[in-house]
Amino acid sequence: MPQTNFFKNFPKVDYRFGDNELPVKQQDLSIYIDALDQVKEYGSFYMNYQIQNKQRPDHISQILYETTDYHWTFFLMNDKLREQGWPVDNSLVYPQAKIYYPNVCITTNGTALQLDTGISRPLCAAEFFRVGAWVWFEQDKRAAKILRIDQNLGMVHIEMSGVPELSSRMVVIDSNSAKRIQEEPDFQPVEKLESTSIVRRYDQWDAPHHYEDQQGNWVYPSYSSTAPYLMDQNSVTTQQSVSYFQRMTEENDKLRSIRVLKPDVIGDVVSEYNKLLKRNNN
């Protein structure tokens with residue numbers, strides 16, 4: 001992308017780039033001018049634009065205004081671009097999803113059985129099924145940490161790569177036993193604290209972020225009306241599932257619909273913006 005002129009009129013302040021460095025003059029990046037906020041809600045100033053695959057801000061500025069100098073206006077005109085960034089190429093969403101969501105998700109019946117008392121409770125009220133606890137997949141001979149528990153979905157996020165395919169239950173064990181299993185997979189822990197049934201297992205990027213009905217409303221697995229409130233994972237379907245990857249794709253697509261200043265007003269608006277910056281500088 002060409003060098004930007006956006007910061008050219010920003011006031012300068014003394015800034016130290018390190019505790020032992022002498023101060024130097026640097027643009028004050030904390031300055032915010034609301035000139036574009038004032039015009040972006042008025043239809044006479046803006047038009048809608050759909051960002052195409054591989055288009056950069058400077059490309060669109062050149063297309064609309066015959067100069068790359070106004071690419072920064074897209075971010076000030078669209079809060080979502082400031083907050084979430086520019087949409088990525090469609091081909092990059094899948095590899096990014098695998099990077100952002102590298103772990104494993106397990107759906108359960110929503111309850112945990114305390115093994116010393118025989119008492120079952122909802123996961124959110126379990127004694128030992130907590131974030132940070134270690135769980136053991138006996139038939140897979142693996143142990144890993146719990147990252148997150150989503151009671152609404154009966155889902156447990158596990159810090160591990162590669163889905164455990166063989167085990168029908170996951171069991172909370174103490175950390176010493178877990179570390180021993182990581183070194184000696186055949187080790188059998190003596191103290192088993194709590195367990196839950198495994199219903200389905202997913203790579204995290206492919207796991208349900210949520211479920212939707214035909215109207216787009218979020219829906220959840222049903223559960224029994226009496227304690228310990230067993231969850232029925234078959235009450236929601238694959239067709240209703242929106243995976244983390246799908247969610248990322250949808251959010252990336254939403255970023256493509258933006259408002260841009262019309263070519264016949266861009267010069268006046270930018271001129272006013274710079275005038276206010278210079279006034280702030282004085």
# chains A, B, ... in the order shown; residues from 1 in each chain; ligands from 1

$ residues_around --residues "Asp206 (chain A)" --least-positions-apart "3" --cutoff "6 Å" --atoms "only C-alpha atoms" --output "count of residues only"
3

$ residues_around --residues "region 227-235 of chain A" --least-positions-apart "4" --cutoff "9 Å" --atoms "only C-alpha atoms" --output "PDB file with C-alpha atoms, in the first residue's frame"
ATOM      1  CA  THR A 107     -20.579 -32.123  23.320  1.00  0.00           C
ATOM      2  CA  THR A 108     -21.972 -33.943  26.361  1.00  0.00           C
ATOM      3  CA  ASN A 109     -25.263 -34.732  28.029  1.00  0.00           C
ATOM      4  CA  GLY A 110     -24.765 -31.517  30.024  1.00  0.00           C
ATOM      5  CA  THR A 111     -24.160 -33.241  33.355  1.00  0.00           C
ATOM      6  CA  ALA A 112     -21.233 -34.465  35.419  1.00  0.00           C
ATOM      7  CA  ILE A 119     -24.331 -37.500  42.514  1.00  0.00           C
ATOM      8  CA  SER A 120     -24.990 -35.999  39.065  1.00  0.00           C
ATOM      9  CA  ARG A 121     -25.132 -32.249  38.556  1.00  0.00           C
ATOM     10  CA  PRO A 122     -25.305 -29.863  35.578  1.00  0.00           C
ATOM     11  CA  LEU A 153     -24.632 -26.129  24.425  1.00  0.00           C
ATOM     12  CA  GLY A 154     -23.392 -28.803  26.833  1.00  0.00           C
ATOM     13  CA  VAL A 199     -21.953 -37.344  22.585  1.00  0.00           C
ATOM     14  CA  ARG A 200     -20.039 -35.774  19.697  1.00  0.00           C
ATOM     15  CA  TYR A 220     -30.272 -24.630  22.075  1.00  0.00           C
ATOM     16  CA  PRO A 221     -30.408 -28.347  22.877  1.00  0.00           C
ATOM     17  CA  SER A 222     -33.418 -29.243  25.021  1.00  0.00           C
ATOM     18  CA  TYR A 223     -33.021 -30.738  28.485  1.00  0.00           C
TER      19      TYR A 223
END

$ residues_around --residues "Ala133 (chain A)" --least-positions-apart "4" --cutoff "9 Å" --atoms "only C-alpha atoms" --output "number ranges by chain"
A: 128-129, 144-147, 172-175

$ residues_around --residues "Thr249 (chain A)" --least-positions-apart "6" --cutoff "9 Å" --atoms "only C-alpha atoms" --output "list of chain:residue names"
A:Asn90, A:Val93, A:Tyr94

$ write_last_selection --atoms "N, CA and C atoms" --output "mmCIF file, in the first residue's frame"
data_model
loop_
_atom_site.group_PDB
_atom_site.id
_atom_site.type_symbol
_atom_site.label_atom_id
_atom_site.label_comp_id
_atom_site.auth_asym_id
_atom_site.auth_seq_id
_atom_site.Cartn_x
_atom_site.Cartn_y
_atom_site.Cartn_z
ATOM 1 N N ASN A 90 -11.214 -14.460 0.732
ATOM 2 C CA ASN A 90 -12.028 -15.634 1.078
ATOM 3 C C ASN A 90 -11.181 -16.885 1.299
ATOM 4 N N VAL A 93 -9.835 -17.414 5.002
ATOM 5 C CA VAL A 93 -10.687 -17.586 6.180
ATOM 6 C C VAL A 93 -10.511 -18.972 6.788
ATOM 7 N N TYR A 94 -10.492 -20.001 5.944
ATOM 8 C CA TYR A 94 -10.357 -21.370 6.455
ATOM 9 C C TYR A 94 -9.034 -21.580 7.200
#

$ closest_residue --among "A:Met248, A:Ala125, A:Leu193, A:Val270" --to "Trp205 (chain A)" --atoms "only C-alpha atoms"
A:Met248

$ residues_around --residues "Phe187 (chain A)" --least-positions-apart "6" --cutoff "10 Å" --atoms "only C-alpha atoms" --output "PyMOL selection string"
chain A and resi 138+141-142+177-178+180-181

$ residues_around --residues "region 250-262 of chain A" --least-positions-apart "4" --cutoff "6 Å" --atoms "only C-alpha atoms" --output "list in words"
Phe45, Tyr46, Met47, Asn48, Tyr49, Gln50, Ile51, Pro87 and Ile266 of chain A

$ closest_residue --among "A:Ser224, A:Gln52, A:Glu194, A:Tyr70" --to "Val265 (chain A)" --atoms "only C-alpha atoms"
A:Tyr70

$ atom_distance --atom1 "CA of Ala207 (chain A)" --atom2 "CA of Gln240 (chain A)"
12.2 Å

$ select_by_dssp --residues "region 166-227 of chain A" --states "alpha helix (DSSP H)" --output "PyMOL selection string"
chain A and resi 175-183

$ write_last_selection --atoms "C-alpha atoms" --output "PDB file, in the first residue's frame"
ATOM      1  CA  SER A 175      -2.869 -32.751  37.539  1.00  0.00           C
ATOM      2  CA  ASN A 176      -0.127 -35.152  38.658  1.00  0.00           C
ATOM      3  CA  SER A 177      -1.909 -38.102  37.052  1.00  0.00           C
ATOM      4  CA  ALA A 178      -2.482 -36.078  33.894  1.00  0.00           C
ATOM      5  CA  LYS A 179       1.194 -35.248  33.553  1.00  0.00           C
ATOM      6  CA  ARG A 180       2.045 -38.907  34.167  1.00  0.00           C
ATOM      7  CA  ILE A 181      -0.329 -39.947  31.354  1.00  0.00           C
ATOM      8  CA  GLN A 182       1.337 -37.486  28.996  1.00  0.00           C
ATOM      9  CA  GLU A 183       4.658 -39.213  29.714  1.00  0.00           C
TER      10      GLU A 183
END

$ atom_distance --atom1 "CA of Tyr202 (chain A)" --atom2 "CA of Cys105 (chain A)"
5.2 Å

$ atom_distance --atom1 "CA of Gly132 (chain A)" --atom2 "CA of Ile99 (chain A)"
21.2 Å

$ closest_residue --among "A:Lys278, A:Lys40, A:Arg169, A:Arg130" --to "Ser195 (chain A)" --atoms "only C-alpha atoms"
A:Arg169

$ closest_residue --among "A:Asp150, A:Glu184, A:Asp264, A:Asp19" --to "Leu123 (chain A)" --atoms "only C-alpha atoms"
A:Asp150

$ decode --residues "region 197-222 of chain A" --atoms "C-alpha atoms" --output "compact mmCIF listing (two decimals), in the first residue's frame"
# COMPACT_ATOMS: atom_id res chain seq x y z
CA SER A 197 -20.62 -38.82 28.62
CA ILE A 198 -19.25 -37.84 25.21
CA VAL A 199 -21.95 -37.34 22.58
CA ARG A 200 -20.04 -35.77 19.70
CA ARG A 201 -16.48 -34.59 19.14
CA TYR A 202 -15.19 -31.88 16.83
CA ASP A 203 -12.13 -30.01 15.76
CA GLN A 204 -12.77 -26.66 17.40
CA TRP A 205 -12.95 -24.69 14.13
CA ASP A 206 -15.66 -27.09 12.91
CA ALA A 207 -17.61 -27.22 16.19
CA PRO A 208 -21.01 -25.51 16.58
CA HIS A 209 -20.63 -21.89 17.61
CA HIS A 210 -24.42 -21.88 17.96
CA TYR A 211 -27.57 -23.33 16.38
CA GLU A 212 -30.20 -21.39 14.40
CA ASP A 213 -33.79 -22.08 13.41
CA GLN A 214 -35.14 -21.23 9.94
CA GLN A 215 -35.77 -17.63 11.01
CA GLY A 216 -32.16 -17.18 12.15
CA ASN A 217 -33.02 -17.25 15.86
CA TRP A 218 -30.50 -18.96 18.11
CA VAL A 219 -31.75 -22.25 19.52
CA TYR A 220 -30.27 -24.63 22.08
CA PRO A 221 -30.41 -28.35 22.88
CA SER A 222 -33.42 -29.24 25.02
